[in-house]
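Here's the structure we're looking at; comments come further down.
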Amino acid sequence: MPLQNNIGPAIRALRAAHNVSQEKLALETGIGRRYMSDIENGRRNVSLEIIEKIATYFEMSASELVKRIET
């Protein structure tokens with residue numbers, strides 16, 4: 001399965017594990033809420049900048065986030 005299809009479920013799992021709403025994640029990372037929704041629903045291609053912002057929020061490196069996306 002392509003990485004693009006795994007991004008949404010990986011982010012949702014991280015949010016659930018940290019009890020963070022989509023709106024809070026979007027607000028605190030500076031990513032629009034609709035854009036975050038589109039990412040989670042597989043409707044957007046995600047840049048490295050966005051991956052880095054999300055990884056930083058969850059206190060992990062971008063490579064750690066990508067590893068979660070790959071599995």
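In the structure tokens, the first chain shown is A, the next is B, and so on; residue numbers restart at 1 for each chain, and ligands run from 1 in the order shown.
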
**Report entry** region 2-17 of chain A surroundings by only C-alpha atoms, 8 Å radius, close-in-sequence under 3 positions cut, as a ChimeraX atom specification
**Finding:** /A:20-22,25,39-42,45-46,58,68-71

Requested in this report: Per DSSP on the backbone, filter chain A down to the residues in alpha helix (DSSP H) and report them as number ranges by chain.
Outcome: A: 3-17, 22-29, 33-40, 48-57, 62-70

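Coordinates place CA of Leu48 (chain A) at a distance of 14.7 Å from CA of Tyr35 (chain A).
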
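Counting only C-alpha atoms, the residue from A:Leu65, A:Ala26, A:Met36, A:Ile31 that sits nearest to Glu52 (chain A) is A:Leu65.
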